[in-house]
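Undergrad: File query-v3.txt below, compact mmCIF, C-alpha atoms:
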```
# COMPACT_ATOMS: atom_id res chain seq x y z
CA MET F 209 178.68 145.44 121.92
CA SER F 210 178.02 142.77 124.56
CA ALA F 211 174.81 144.43 125.70
CA SER F 212 173.67 144.82 122.11
CA LEU F 213 174.46 141.21 121.34
CA ALA F 214 172.57 140.05 124.39
CA GLU F 215 169.59 142.14 123.37
CA GLN F 216 169.71 140.68 119.88
CA ARG F 217 169.79 137.19 121.31
CA VAL F 218 166.80 137.96 123.51
CA GLU F 219 164.96 139.41 120.52
CA MET F 220 165.84 136.35 118.43
CA ARG F 221 164.49 134.03 121.12
CA HIS F 222 161.36 136.15 121.28
CA LEU F 223 160.97 135.97 117.51
CA GLN F 224 161.55 132.21 117.58
CA ARG F 225 158.82 131.81 120.18
CA GLU F 226 156.49 133.95 118.09
CA ASN F 227 157.35 131.89 115.04
CA GLU F 228 156.67 128.73 116.97
CA VAL F 229 153.33 130.14 118.15
CA GLN F 230 152.42 131.18 114.61
CA ALA F 231 153.53 127.81 113.29
CA ALA F 232 151.36 126.10 115.93
CA LYS F 233 148.42 128.31 114.94
CA LEU F 234 149.00 127.50 111.29
CA ARG F 235 149.14 123.80 112.08
CA GLU F 236 145.90 124.19 114.05
CA LEU F 237 144.31 126.06 111.15
CA ASP F 238 145.46 123.38 108.72
CA LEU F 239 143.99 120.75 111.00
CA GLN F 240 140.72 122.68 111.23
CA LYS F 241 140.69 123.13 107.45
CA THR F 242 141.23 119.41 107.03
CA GLU F 243 138.42 118.73 109.44
CA VAL F 244 136.15 121.19 107.59
CA ASP F 245 137.02 119.57 104.27
CA THR F 246 136.29 116.15 105.75
CA LEU F 247 132.96 117.39 107.11
CA LYS F 248 132.15 118.88 103.70
CA GLN F 249 132.91 115.57 102.02
CA GLN F 250 130.81 113.69 104.57
CA LEU F 251 127.95 116.16 104.07
CA GLN F 252 128.18 115.78 100.29
CA ALA F 253 128.19 112.00 100.64
CA GLN F 254 125.21 112.12 102.99
CA THR F 255 123.37 114.47 100.62
CA ALA F 256 124.04 112.15 97.69
CA GLU F 257 122.88 109.18 99.75
CA LEU F 258 119.72 111.06 100.76
CA ILE F 259 118.98 111.91 97.12
CA THR F 260 119.51 108.28 96.18
CA MET F 261 117.24 107.12 99.00
CA LYS F 262 114.55 109.59 97.91
CA ALA F 263 114.83 108.36 94.34
CA ARG F 264 114.58 104.76 95.49
CA THR F 265 111.60 105.66 97.66
CA ASN F 266 109.88 107.32 94.70
CA VAL F 267 110.54 104.26 92.55
CA THR F 268 109.20 102.00 95.28
CA VAL F 269 106.09 104.14 95.72
CA ASN F 270 105.52 104.15 91.97
CA GLN F 271 105.97 100.39 91.85
CA VAL F 272 103.51 99.93 94.70
CA GLU F 273 100.96 102.18 92.97
CA ALA F 274 101.50 100.33 89.69
CA LEU F 275 101.05 97.01 91.45
CA LYS F 276 97.87 98.31 93.09
CA ARG F 277 96.53 99.42 89.71
CA ASP F 278 97.64 96.17 88.15
CA GLY F 279 95.98 94.24 90.95
CA GLU F 280 92.76 96.14 90.41
CA VAL F 281 92.88 95.57 86.67
CA LYS F 282 93.51 91.86 87.17
CA GLN F 283 90.21 91.55 88.97
CA VAL F 284 88.02 91.10 85.91
CA ALA F 285 85.23 88.53 85.76
CA PHE F 286 81.57 88.54 84.83
CA SER F 287 78.65 86.17 84.42
CA ALA F 288 75.13 86.97 83.25
CA SER F 289 72.01 85.22 82.01
CA LEU F 290 69.71 86.38 79.23
CA LEU F 291 66.52 87.57 80.92
CA ALA F 292 66.38 89.94 83.88
CA SER F 293 63.18 88.27 85.05
CA GLY F 294 60.39 85.97 83.89
CA SER F 295 60.70 83.52 81.01
CA GLY F 296 60.55 83.71 77.25
CA THR F 297 61.98 82.88 73.85
CA LEU F 298 63.78 85.28 71.53
CA GLY F 299 63.88 84.68 67.80
CA PRO F 300 63.89 83.65 65.14
CA PHE F 301 65.15 86.75 63.34
CA ASN F 302 66.09 87.07 59.68
CA THR F 303 69.58 88.36 60.56
CA HIS F 304 72.28 87.75 63.14
CA THR F 305 71.15 89.61 66.27
CA PRO F 306 73.30 90.75 69.23
CA LEU F 307 72.16 89.31 72.54
CA THR F 308 71.99 91.33 75.73
CA PHE F 309 72.44 89.22 78.87
CA ARG F 310 70.68 91.36 81.46
CA TYR F 311 70.68 89.30 84.67
CA VAL F 312 74.17 89.92 86.07
CA VAL F 313 75.39 87.76 88.93
CA THR F 314 79.05 88.79 88.77
CA ASN F 315 80.70 91.84 87.21
CA ILE F 316 84.06 92.34 88.90
CA GLY F 317 85.82 95.24 87.23
CA ASN F 318 82.59 96.41 85.50
CA ALA F 319 83.93 95.47 82.07
CA TYR F 320 80.60 93.91 81.04
CA ASN F 321 77.67 96.20 80.16
CA PRO F 322 74.24 94.58 80.76
CA ASN F 323 72.57 97.33 78.72
CA THR F 324 74.47 96.53 75.53
CA GLY F 325 75.69 92.96 76.10
CA PHE F 326 79.23 94.12 75.32
CA PHE F 327 82.36 93.13 77.23
CA ILE F 328 85.09 95.75 76.73
CA ALA F 329 88.63 94.70 77.67
CA PRO F 330 90.13 97.06 80.29
CA VAL F 331 93.68 95.73 79.88
CA ARG F 332 95.73 93.79 77.34
CA GLY F 333 95.69 90.13 78.24
CA ALA F 334 94.32 86.65 77.70
CA TYR F 335 90.63 86.21 78.49
CA HIS F 336 88.37 83.18 78.55
CA PHE F 337 84.70 83.30 77.53
CA GLU F 338 81.86 80.77 77.64
CA PHE F 339 78.29 80.98 76.37
CA TYR F 340 75.36 78.61 76.79
CA ILE F 341 72.28 78.73 74.59
CA GLY F 342 69.05 77.04 75.68
CA ALA F 343 65.83 76.57 73.71
CA TYR F 344 62.84 74.31 73.39
CA GLY F 345 62.76 72.10 70.33
CA HIS F 346 61.10 73.32 67.15
CA ASN F 347 60.58 71.62 63.80
CA SER F 348 61.77 74.58 61.76
CA TYR F 349 64.22 76.47 63.94
CA GLY F 350 67.32 75.43 65.81
CA SER F 351 69.22 77.13 68.59
CA GLY F 352 72.52 78.78 67.84
CA ALA F 353 74.77 81.69 68.65
CA VAL F 354 78.28 82.88 67.87
CA LEU F 355 80.98 84.52 69.99
CA VAL F 356 82.06 87.80 68.36
CA LYS F 357 85.26 89.80 68.80
CA ASN F 358 85.23 93.29 67.24
CA GLY F 359 82.70 92.13 64.64
CA GLU F 360 84.58 88.92 63.81
CA HIS F 361 82.84 85.59 64.36
CA ILE F 362 85.07 83.44 66.57
CA PHE F 363 83.32 80.22 67.68
CA MET F 364 79.75 79.05 67.12
CA ALA F 365 77.42 76.82 69.13
CA TYR F 366 74.40 75.31 67.35
CA GLN F 367 71.97 72.45 67.75
CA HIS F 368 68.54 71.60 66.31
CA GLN F 369 66.04 69.16 67.70
CA PRO F 370 62.29 69.03 66.95
CA TYR F 371 61.07 68.25 70.47
CA HIS F 372 61.78 68.93 74.16
CA TYR F 373 64.34 71.23 75.69
CA GLY F 374 67.83 71.39 74.23
CA SER F 375 70.97 73.45 74.68
CA THR F 376 74.33 74.12 73.09
CA ALA F 377 77.52 75.77 74.31
CA ASN F 378 81.01 76.81 73.35
CA GLY F 379 83.92 78.86 74.64
CA ALA F 380 87.22 80.40 73.67
CA SER F 381 90.36 81.97 75.09
CA LEU F 382 91.18 85.25 73.32
CA LEU F 383 94.07 87.70 73.33
CA LEU F 384 92.47 91.12 73.68
CA GLU F 385 93.85 94.62 73.43
CA VAL F 386 92.52 97.44 75.59
CA GLY F 387 89.11 98.44 74.20
CA ASP F 388 88.43 95.23 72.25
CA VAL F 389 84.74 94.28 72.32
CA VAL F 390 83.40 90.75 72.82
CA PHE F 391 79.72 89.79 72.70
CA VAL F 392 77.34 87.03 71.60
CA ARG F 393 75.10 87.06 68.52
CA LEU F 394 72.01 84.95 68.05
CA TRP F 395 72.39 83.05 64.78
CA VAL F 396 70.06 83.96 61.94
CA ASN F 397 66.72 82.05 62.02
CA SER F 398 67.43 80.49 65.40
CA ARG F 399 65.89 80.74 68.88
CA ILE F 400 67.02 81.15 72.45
CA PHE F 401 65.12 80.51 75.68
CA ASP F 402 65.65 81.61 79.26
CA ASP F 403 63.75 81.68 82.55
CA GLY F 404 64.37 81.91 86.27
CA ASN F 405 66.66 78.87 86.07
CA HIS F 406 69.05 80.85 83.85
CA HIS F 407 69.62 78.38 81.00
CA SER F 408 71.23 80.89 78.62
CA THR F 409 74.36 82.57 79.94
CA PHE F 410 77.44 84.53 78.91
CA SER F 411 80.57 84.53 81.12
CA GLY F 412 84.17 85.61 80.93
CA HIS F 413 87.24 86.44 82.97
CA LEU F 414 90.81 87.63 82.65
CA LEU F 415 93.33 84.80 82.72
CA PHE F 416 96.46 86.97 82.86
CA THR F 417 97.77 90.31 81.61
CA MET F 418 100.31 90.60 78.82
```
Here is a file; write its structure as structure tokens.
TA:
Amino acid sequence: MSASLAEQRVEMRHLQRENEVQAAKLRELDLQKTEVDTLKQQLQAQTAELITMKARTNVTVNQVEALKRDGEVKQVAFSASLLASGSGTLGPFNTHTPLTFRYVVTNIGNAYNPNTGFFIAPVRGAYHFEFYIGAYGHNSYGSGAVLVKNGEHIFMAYQHQPYHYGSTANGASLLLEVGDVVFVRLWVNSRIFDDGNHHSTFSGHLLFTM
């Protein structure tokens, strides 16, 4: 009985040590599992942050590209005189006649077409236009023209004197949509003169987008 009891005690101590070892291993596994879970959470957080950063980067790139395009669009200005070369008088005609200002000194943005005389708005915004009409005096015919937006007469400039050189001018600021057309018409039964000094001109530029 004593020997058996001693053996049992030895076996119990052995089992206790094994239990302690297993418990230590379990604790180590739990610790490792906790560390793995923590690493997983950190990885998920880093992945989410990376996705957010990528999204922000894409937004920033898009904003930069939009600003570049906007900056390009904002660069709109033109100025042209009537005759490409030489001197001469146009008119009178028995109807309102579109004028084509062929001598271009500025055409930033290429919104003005010297072949048609049309300015076509590339962006919605406020634009300012000016036109100057020169002519030598005539007993029967004056000098006049009208600024036209999409076929609608906006502002007119007109003067009539029987002798010597004379001129008239006007201008307007207009809200234009993309594709709106602005040009100048010679008034019915009136004349316009131009030469190398560029007396008769048509100019415009974008004030700001809207």
Undergrad: Identify the residues around (62.2, 80.8, 79.3) within a radius of 9 Å, measuring from only C-alpha atoms in the coordinates stated by the file, and give them as an NGL selection string.
TA: :F and (291 or 294-297 or 342-344 or 400-407)
Undergrad: Which stretch 358-383 of chain F residues have any atom within 9 Å of an atom of stretch 321-335 of chain F, and for each, what is the nearest pair of atoms with distance in Å to one decimal, counting all atoms listed in the file, rows sorted by chain and number, as JSON lines?
TA:
```
{"residue": "F:Ala380", "atom": "CA", "partner": "F:Tyr335", "partner_atom": "CA", "distance": 8.3}
{"residue": "F:Ser381", "atom": "CA", "partner": "F:Tyr335", "partner_atom": "CA", "distance": 5.4}
{"residue": "F:Leu382", "atom": "CA", "partner": "F:Tyr335", "partner_atom": "CA", "distance": 5.3}
{"residue": "F:Leu383", "atom": "CA", "partner": "F:Ala334", "partner_atom": "CA", "distance": 4.5}
```
Undergrad: How far is it from atom CA of F:Gly359 to atom CA of F:His304, in Å with one decimal?
TA: 11.4 Å
Undergrad: With all atoms listed in the file as the atoms that count, which of F:Val284, F:Leu355, F:Ala319, F:Leu223 lies nearest to F:Thr417?
TA: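 Of all the options, F:Val284 lies closest to F:Thr417.
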Undergrad: At a cut-off of 12 Å, using only C-alpha atoms, what residues contact F:Asn302? Leave out same-chain residues fewer than 3 positions from it and give the result as an MDAnalysis selection string.
TA: chainID F and resid 299 305 349 394:399
Undergrad: Please determine, counting all atoms listed in the file, which residue among F:Lys233, F:Asn347, F:Ser293, F:Leu415 has the shortest atom-to-atom distance to F:His372.
TA: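 The shortest atom-to-atom distance to F:His372 comes from F:Asn347.
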Undergrad: Between atom CA of F:Gly350 and atom CA of F:Ser375, what is the distance, to one decimal in Å?
TA: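 Separating atom CA of F:Gly350 from atom CA of F:Ser375 is a distance of 9.8 Å.
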Undergrad: Between F:Gly352, F:Gln283, F:Ala232, F:Val313, which is the closest to F:Leu298 once you count only C-alpha atoms?
TA: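 Among the listed residues, F:Gly352 lies closest to F:Leu298.
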Undergrad: Generate the coordinates of N, CA, C and O atoms for stretch 287-309 of chain F; report them as a compact mmCIF listing (two decimals), in the frame of the given file.
TA:
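Here's the written file part08.txt:
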```txt
# COMPACT_ATOMS: atom_id res chain seq x y z
N SER F 287 79.54 87.26 84.81
CA SER F 287 78.65 86.17 84.42
C SER F 287 77.23 86.70 84.45
O SER F 287 76.82 87.35 85.41
N ALA F 288 76.48 86.44 83.36
CA ALA F 288 75.13 86.97 83.25
C ALA F 288 74.25 86.00 82.46
O ALA F 288 74.74 85.27 81.60
N SER F 289 72.97 86.01 82.78
CA SER F 289 72.01 85.22 82.01
C SER F 289 71.12 86.16 81.20
O SER F 289 71.10 87.37 81.42
N LEU F 290 70.36 85.58 80.26
CA LEU F 290 69.71 86.38 79.23
C LEU F 290 68.63 87.31 79.78
O LEU F 290 68.65 88.52 79.50
N LEU F 291 67.67 86.78 80.50
CA LEU F 291 66.52 87.57 80.92
C LEU F 291 66.69 88.09 82.34
O LEU F 291 67.13 87.36 83.23
N ALA F 292 66.30 89.35 82.56
CA ALA F 292 66.38 89.94 83.88
C ALA F 292 65.36 89.32 84.81
O ALA F 292 65.58 89.21 86.02
N SER F 293 64.22 88.90 84.25
CA SER F 293 63.18 88.27 85.05
C SER F 293 62.21 87.54 84.12
O SER F 293 62.21 87.76 82.89
N GLY F 294 61.39 86.67 84.68
CA GLY F 294 60.39 85.97 83.89
C GLY F 294 60.99 84.91 83.01
O GLY F 294 62.11 84.42 83.23
N SER F 295 60.23 84.52 81.97
CA SER F 295 60.70 83.52 81.01
C SER F 295 60.24 83.91 79.62
O SER F 295 59.29 84.68 79.45
N GLY F 296 60.95 83.39 78.61
CA GLY F 296 60.55 83.71 77.25
C GLY F 296 61.56 83.22 76.24
O GLY F 296 62.66 82.78 76.57
N THR F 297 61.15 83.29 74.97
CA THR F 297 61.98 82.88 73.85
C THR F 297 62.21 84.07 72.93
O THR F 297 61.28 84.81 72.61
N LEU F 298 63.44 84.27 72.52
CA LEU F 298 63.78 85.28 71.53
C LEU F 298 64.08 84.60 70.20
O LEU F 298 64.71 83.54 70.18
N GLY F 299 63.64 85.23 69.11
CA GLY F 299 63.88 84.68 67.80
C GLY F 299 62.72 83.82 67.33
O GLY F 299 61.80 83.54 68.10
N PRO F 300 62.79 83.41 66.08
CA PRO F 300 63.89 83.65 65.14
C PRO F 300 63.85 85.04 64.50
O PRO F 300 62.79 85.63 64.39
N PHE F 301 65.02 85.50 64.08
CA PHE F 301 65.15 86.75 63.34
C PHE F 301 65.81 86.45 62.00
O PHE F 301 66.54 85.46 61.85
N ASN F 302 65.56 87.32 61.03
CA ASN F 302 66.09 87.07 59.68
C ASN F 302 67.52 87.60 59.51
O ASN F 302 68.02 87.70 58.38
N THR F 303 68.18 87.93 60.61
CA THR F 303 69.58 88.36 60.56
C THR F 303 70.25 88.00 61.88
O THR F 303 69.59 87.73 62.87
N HIS F 304 71.56 87.96 61.89
CA HIS F 304 72.28 87.75 63.14
C HIS F 304 71.97 88.91 64.08
O HIS F 304 72.04 90.08 63.70
N THR F 305 71.63 88.59 65.34
CA THR F 305 71.15 89.61 66.27
C THR F 305 71.95 89.58 67.57
O THR F 305 72.02 88.53 68.22
N PRO F 306 72.56 90.72 67.96
CA PRO F 306 73.30 90.75 69.23
C PRO F 306 72.39 90.44 70.41
O PRO F 306 71.23 90.88 70.46
N LEU F 307 72.91 89.67 71.34
CA LEU F 307 72.16 89.31 72.54
C LEU F 307 72.62 90.16 73.72
O LEU F 307 73.83 90.41 73.88
N THR F 308 71.67 90.57 74.52
CA THR F 308 71.99 91.33 75.73
C THR F 308 71.63 90.49 76.95
O THR F 308 70.46 90.23 77.20
N PHE F 309 72.64 90.04 77.67
CA PHE F 309 72.44 89.22 78.87
C PHE F 309 72.27 90.17 80.05
O PHE F 309 73.24 90.78 80.52
```
